[in-house]
>>> print(open('data01.tsv').read())   # TSV, C-alpha atoms and all ligand atoms
chain	number	residue	atom	x	y	z
A	1	MET	CA	18.23	-38.64	-112.91
A	2	LYS	CA	18.12	-35.27	-114.56
A	3	VAL	CA	15.57	-32.85	-113.17
A	4	ASN	CA	13.33	-31.25	-115.78
A	5	PHE	CA	11.49	-28.97	-113.41
A	6	LYS	CA	8.75	-26.73	-114.71
A	7	CYS	CA	7.11	-24.30	-112.33
A	8	LYS	CA	3.33	-24.64	-112.35
A	9	LYS	CA	2.93	-20.92	-111.77
A	10	CYS	CA	5.47	-19.19	-114.04
A	11	GLY	CA	6.94	-21.97	-116.20
A	12	SER	CA	10.54	-21.38	-115.13
A	13	ASN	CA	12.89	-24.38	-115.17
A	14	ILE	CA	15.11	-23.79	-112.16
A	15	LEU	CA	14.23	-25.60	-108.97
A	16	GLU	CA	16.12	-24.62	-105.86
A	17	GLU	CA	16.51	-25.80	-102.29
A	18	VAL	CA	16.45	-23.13	-99.62
A	19	LEU	CA	18.45	-23.62	-96.43
A	20	GLY	CA	18.67	-21.40	-93.39
A	21	ASP	CA	21.40	-21.13	-90.74
A	22	VAL	CA	24.12	-22.28	-93.09
A	23	THR	CA	27.78	-22.07	-92.18
A	24	LYS	CA	29.73	-20.97	-95.24
A	25	TYR	CA	33.47	-21.24	-95.74
A	26	SER	CA	34.92	-19.01	-98.44
A	27	ALA	CA	38.50	-18.84	-99.61
A	28	ILE	CA	39.78	-15.28	-99.80
A	29	SER	CA	41.72	-14.70	-102.98
A	30	ALA	CA	42.16	-10.93	-103.02
A	31	ILE	CA	41.34	-7.76	-101.11
A	32	GLU	CA	41.22	-4.23	-102.36
A	33	LEU	CA	40.75	-0.82	-100.79
A	34	LEU	CA	38.06	1.01	-102.76
A	35	ASP	CA	37.82	4.75	-103.42
A	36	ASN	CA	34.99	5.01	-100.88
A	37	GLY	CA	37.32	3.82	-98.14
A	38	TYR	CA	35.82	0.37	-97.76
A	39	ALA	CA	37.87	-2.73	-98.34
A	40	ALA	CA	36.33	-5.34	-100.61
A	41	ILE	CA	37.18	-9.02	-100.58
A	42	GLU	CA	37.26	-11.18	-103.68
A	43	TYR	CA	36.29	-14.76	-102.90
A	44	GLY	CA	37.46	-18.02	-104.37
A	45	ASN	CA	35.87	-21.40	-103.82
A	46	SER	CA	33.33	-21.83	-101.06
A	47	ASN	CA	31.78	-24.67	-99.13
A	48	ASP	CA	28.55	-24.79	-97.20
A	49	GLU	CA	27.93	-26.85	-94.12
A	50	ASN	CA	24.91	-27.69	-92.04
A	51	GLY	CA	21.82	-25.63	-92.69
A	52	ASP	CA	18.18	-26.22	-91.89
A	53	PHE	CA	15.89	-27.13	-94.71
A	54	ILE	CA	13.31	-24.45	-95.39
A	55	VAL	CA	11.65	-25.24	-98.72
A	56	TYR	CA	12.00	-26.40	-102.32
A	57	GLN	CA	10.89	-23.63	-104.59
A	58	CYS	CA	10.94	-22.12	-108.06
A	59	ALA	CA	14.07	-19.98	-108.35
A	60	SER	CA	12.22	-17.46	-110.48
A	61	CYS	CA	8.92	-16.70	-108.73
A	62	GLY	CA	9.37	-18.42	-105.37
A	63	GLU	CA	6.37	-20.74	-105.78
A	64	GLU	CA	6.81	-23.51	-103.22
A	65	VAL	CA	6.74	-27.17	-104.18
A	66	ASP	CA	3.80	-28.37	-102.09
A	67	GLY	CA	4.17	-31.33	-99.79
A	68	CYS	CA	7.90	-31.81	-100.24
A	69	TYR	CA	9.93	-31.76	-97.06
A	70	ASN	CA	12.81	-34.08	-97.90
A	71	GLU	CA	14.63	-35.71	-100.81
A	72	ASN	CA	12.20	-38.63	-101.03
A	73	ASN	CA	9.14	-36.37	-101.15
A	74	LEU	CA	10.80	-34.35	-103.87
A	75	PHE	CA	11.71	-37.42	-105.88
A	76	GLU	CA	8.12	-38.66	-105.77
A	77	TYR	CA	6.80	-35.24	-106.73
A	78	LEU	CA	9.13	-34.95	-109.72
A	79	LYS	CA	8.37	-38.50	-110.80
A	80	GLU	CA	4.60	-38.05	-110.58
A	81	ASN	CA	4.78	-34.82	-112.56
A	82	ASN	CA	7.03	-36.22	-115.29
A	83	MET	CA	9.88	-33.92	-114.37
A	84	LEU	CA	12.62	-36.55	-114.34
A	85	GLY	CA	14.81	-37.20	-117.37
A	86	GLU	CA	17.05	-40.04	-118.39
A	87	ASN	CA	20.37	-38.83	-117.06
A	101	ZN	ZN	7.87	-20.02	-110.84
>>> encode(input="data01.tsv", output="structure tokens", more="lines below")
Ligand SMILES: [Zn+2]
Amino acid sequence: MKVNFKCKKCGSNILEEVLGDVTKYSAISAIELLDNGYAAIEYGNSNDENGDFIVYQCASCGEEVDGCYNENNLFEYLKENNMLGEN
């Protein structure tokens, strides 16, 4: 179902999941030596693996979604607060 999140504090619509200790794999598509002497990499696609759940929160103000520690908690929260759409 589509998530129609609305932050109770700031009204923003983007809900995010925060993970710590993530292993990230990024394809390297280009590298360039900058004028300041540092080389800069340009990345292509990336994948994330593992990671420890930290919190569900508003992407705008960081207000945490209370009482949600897994997917099922979050589903119930969104359902109870009428934040789930049709597709
Ligand atoms: Zn917010």
>>> residues_near_ligand(input="data01.tsv", ligand="ligand ZN 101 (chain A)", cutoff="12 Å", atoms="only C-alpha atoms and all ligand atoms", output="PyMOL selection string")
chain A and resi 5-16+56-65
>>> axis_aligned_box(input="data01.tsv", around="segment 22-31 of chain A", padding_each_side="6 Å", output="lines of an AutoDock Vina configuration file")
center_x = 33.1
center_y = -15.0
center_z = -97.6
size_x = 30.0
size_y = 26.5
size_z = 22.8
>>> closest_residue(input="data01.tsv", among="A:Asn4, A:Asn36, A:Thr23, A:Ser29", to="Asn50 of chain A", atoms="all atoms listed in the file")
A:Thr23
>>> residues_near_point(input="data01.tsv", point="(36.7, -13.7, -102.5)", cutoff="9 Å", atoms="all atoms listed in the file", output="PyMOL selection string")
chain A and resi 26-31+40-46
>>> atom_distance(input="data01.tsv", atom1="atom CA of Gly51 of chain A", atom2="atom CA of Glu71 of chain A")
14.8 Å
>>> atom_distance(input="data01.tsv", atom1="atom CA of Cys68 of chain A", atom2="atom CA of Val18 of chain A")
12.2 Å
>>> atom_distance(input="data01.tsv", atom1="atom CA of Tyr25 of chain A", atom2="atom CA of Asn70 of chain A")
24.4 Å
>>> residues_near_point(input="data01.tsv", point="(15.1, -33.3, -118.7)", cutoff="9 Å", atoms="all atoms listed in the file", output="ChimeraX atom specification")
/A:1-5,83-87
>>> build_atoms(input="data01.tsv", residues="segment 52-82 of chain A", atoms="N, CA and C atoms", output="PDB file, in the frame of the given file")
ATOM      1  N   ASP A  52      19.490 -25.624 -92.147  1.00  0.00           N
ATOM      2  CA  ASP A  52      18.180 -26.220 -91.890  1.00  0.00           C
ATOM      3  C   ASP A  52      17.309 -26.066 -93.121  1.00  0.00           C
ATOM      4  N   PHE A  53      16.739 -27.169 -93.529  1.00  0.00           N
ATOM      5  CA  PHE A  53      15.890 -27.130 -94.710  1.00  0.00           C
ATOM      6  C   PHE A  53      14.713 -26.191 -94.495  1.00  0.00           C
ATOM      7  N   ILE A  54      14.461 -25.347 -95.463  1.00  0.00           N
ATOM      8  CA  ILE A  54      13.310 -24.450 -95.390  1.00  0.00           C
ATOM      9  C   ILE A  54      12.258 -24.873 -96.415  1.00  0.00           C
ATOM     10  N   VAL A  55      12.645 -24.915 -97.686  1.00  0.00           N
ATOM     11  CA  VAL A  55      11.650 -25.240 -98.720  1.00  0.00           C
ATOM     12  C   VAL A  55      12.331 -25.546-100.051  1.00  0.00           C
ATOM     13  N   TYR A  56      11.628 -26.261-100.904  1.00  0.00           N
ATOM     14  CA  TYR A  56      12.000 -26.400-102.320  1.00  0.00           C
ATOM     15  C   TYR A  56      11.109 -25.411-103.042  1.00  0.00           C
ATOM     16  N   GLN A  57      11.694 -24.637-103.908  1.00  0.00           N
ATOM     17  CA  GLN A  57      10.890 -23.630-104.590  1.00  0.00           C
ATOM     18  C   GLN A  57      11.409 -23.292-105.982  1.00  0.00           C
ATOM     19  N   CYS A  58      10.555 -22.605-106.740  1.00  0.00           N
ATOM     20  CA  CYS A  58      10.940 -22.120-108.060  1.00  0.00           C
ATOM     21  C   CYS A  58      11.918 -20.973-107.838  1.00  0.00           C
ATOM     22  N   ALA A  59      13.053 -21.016-108.527  1.00  0.00           N
ATOM     23  CA  ALA A  59      14.070 -19.980-108.350  1.00  0.00           C
ATOM     24  C   ALA A  59      13.626 -18.646-108.928  1.00  0.00           C
ATOM     25  N   SER A  60      12.646 -18.679-109.810  1.00  0.00           N
ATOM     26  CA  SER A  60      12.220 -17.460-110.480  1.00  0.00           C
ATOM     27  C   SER A  60      11.135 -16.710-109.703  1.00  0.00           C
ATOM     28  N   CYS A  61      10.038 -17.397-109.379  1.00  0.00           N
ATOM     29  CA  CYS A  61       8.920 -16.700-108.730  1.00  0.00           C
ATOM     30  C   CYS A  61       8.738 -17.060-107.268  1.00  0.00           C
ATOM     31  N   GLY A  62       9.467 -18.075-106.782  1.00  0.00           N
ATOM     32  CA  GLY A  62       9.370 -18.420-105.370  1.00  0.00           C
ATOM     33  C   GLY A  62       8.204 -19.329-105.016  1.00  0.00           C
ATOM     34  N   GLU A  63       7.477 -19.814-106.019  1.00  0.00           N
ATOM     35  CA  GLU A  63       6.370 -20.740-105.780  1.00  0.00           C
ATOM     36  C   GLU A  63       6.921 -21.987-105.098  1.00  0.00           C
ATOM     37  N   GLU A  64       6.326 -22.359-103.967  1.00  0.00           N
ATOM     38  CA  GLU A  64       6.810 -23.510-103.220  1.00  0.00           C
ATOM     39  C   GLU A  64       6.302 -24.818-103.804  1.00  0.00           C
ATOM     40  N   VAL A  65       7.152 -25.844-103.735  1.00  0.00           N
ATOM     41  CA  VAL A  65       6.740 -27.170-104.180  1.00  0.00           C
ATOM     42  C   VAL A  65       5.977 -27.790-103.014  1.00  0.00           C
ATOM     43  N   ASP A  66       4.664 -27.890-103.174  1.00  0.00           N
ATOM     44  CA  ASP A  66       3.800 -28.370-102.090  1.00  0.00           C
ATOM     45  C   ASP A  66       4.103 -29.788-101.648  1.00  0.00           C
ATOM     46  N   GLY A  67       4.072 -29.990-100.352  1.00  0.00           N
ATOM     47  CA  GLY A  67       4.170 -31.330 -99.790  1.00  0.00           C
ATOM     48  C   GLY A  67       5.522 -31.991 -99.849  1.00  0.00           C
ATOM     49  N   CYS A  68       6.561 -31.232-100.162  1.00  0.00           N
ATOM     50  CA  CYS A  68       7.900 -31.810-100.240  1.00  0.00           C
ATOM     51  C   CYS A  68       8.776 -31.285 -99.116  1.00  0.00           C
ATOM     52  N   TYR A  69       9.134 -32.182 -98.222  1.00  0.00           N
ATOM     53  CA  TYR A  69       9.930 -31.760 -97.060  1.00  0.00           C
ATOM     54  C   TYR A  69      11.264 -32.485 -96.967  1.00  0.00           C
ATOM     55  N   ASN A  70      11.513 -33.415 -97.875  1.00  0.00           N
ATOM     56  CA  ASN A  70      12.810 -34.080 -97.900  1.00  0.00           C
ATOM     57  C   ASN A  70      13.074 -34.621 -99.311  1.00  0.00           C
ATOM     58  N   GLU A  71      14.217 -35.240 -99.490  1.00  0.00           N
ATOM     59  CA  GLU A  71      14.630 -35.710-100.810  1.00  0.00           C
ATOM     60  C   GLU A  71      13.643 -36.720-101.399  1.00  0.00           C
ATOM     61  N   ASN A  72      13.121 -37.598-100.532  1.00  0.00           N
ATOM     62  CA  ASN A  72      12.200 -38.630-101.030  1.00  0.00           C
ATOM     63  C   ASN A  72      10.876 -38.035-101.494  1.00  0.00           C
ATOM     64  N   ASN A  73      10.354 -37.062-100.728  1.00  0.00           N
ATOM     65  CA  ASN A  73       9.140 -36.370-101.150  1.00  0.00           C
ATOM     66  C   ASN A  73       9.349 -35.723-102.504  1.00  0.00           C
ATOM     67  N   LEU A  74      10.505 -35.076-102.642  1.00  0.00           N
ATOM     68  CA  LEU A  74      10.800 -34.350-103.870  1.00  0.00           C
ATOM     69  C   LEU A  74      10.919 -35.311-105.055  1.00  0.00           C
ATOM     70  N   PHE A  75      11.569 -36.432-104.821  1.00  0.00           N
ATOM     71  CA  PHE A  75      11.710 -37.420-105.880  1.00  0.00           C
ATOM     72  C   PHE A  75      10.341 -37.893-106.364  1.00  0.00           C
ATOM     73  N   GLU A  76       9.467 -38.206-105.415  1.00  0.00           N
ATOM     74  CA  GLU A  76       8.120 -38.660-105.770  1.00  0.00           C
ATOM     75  C   GLU A  76       7.349 -37.587-106.540  1.00  0.00           C
ATOM     76  N   TYR A  77       7.488 -36.360-106.084  1.00  0.00           N
ATOM     77  CA  TYR A  77       6.800 -35.240-106.730  1.00  0.00           C
ATOM     78  C   TYR A  77       7.245 -35.099-108.188  1.00  0.00           C
ATOM     79  N   LEU A  78       8.582 -35.125-108.378  1.00  0.00           N
ATOM     80  CA  LEU A  78       9.130 -34.950-109.720  1.00  0.00           C
ATOM     81  C   LEU A  78       8.740 -36.108-110.627  1.00  0.00           C
ATOM     82  N   LYS A  79       8.729 -37.317-110.042  1.00  0.00           N
ATOM     83  CA  LYS A  79       8.370 -38.500-110.800  1.00  0.00           C
ATOM     84  C   LYS A  79       6.896 -38.446-111.235  1.00  0.00           C
ATOM     85  N   GLU A  80       6.037 -38.104-110.291  1.00  0.00           N
ATOM     86  CA  GLU A  80       4.600 -38.050-110.580  1.00  0.00           C
ATOM     87  C   GLU A  80       4.248 -36.974-111.598  1.00  0.00           C
ATOM     88  N   ASN A  81       5.062 -35.928-111.644  1.00  0.00           N
ATOM     89  CA  ASN A  81       4.780 -34.820-112.560  1.00  0.00           C
ATOM     90  C   ASN A  81       5.618 -34.866-113.831  1.00  0.00           C
ATOM     91  N   ASN A  82       6.213 -36.027-114.085  1.00  0.00           N
ATOM     92  CA  ASN A  82       7.030 -36.220-115.290  1.00  0.00           C
ATOM     93  C   ASN A  82       8.131 -35.173-115.431  1.00  0.00           C
TER      94      ASN A  82
END
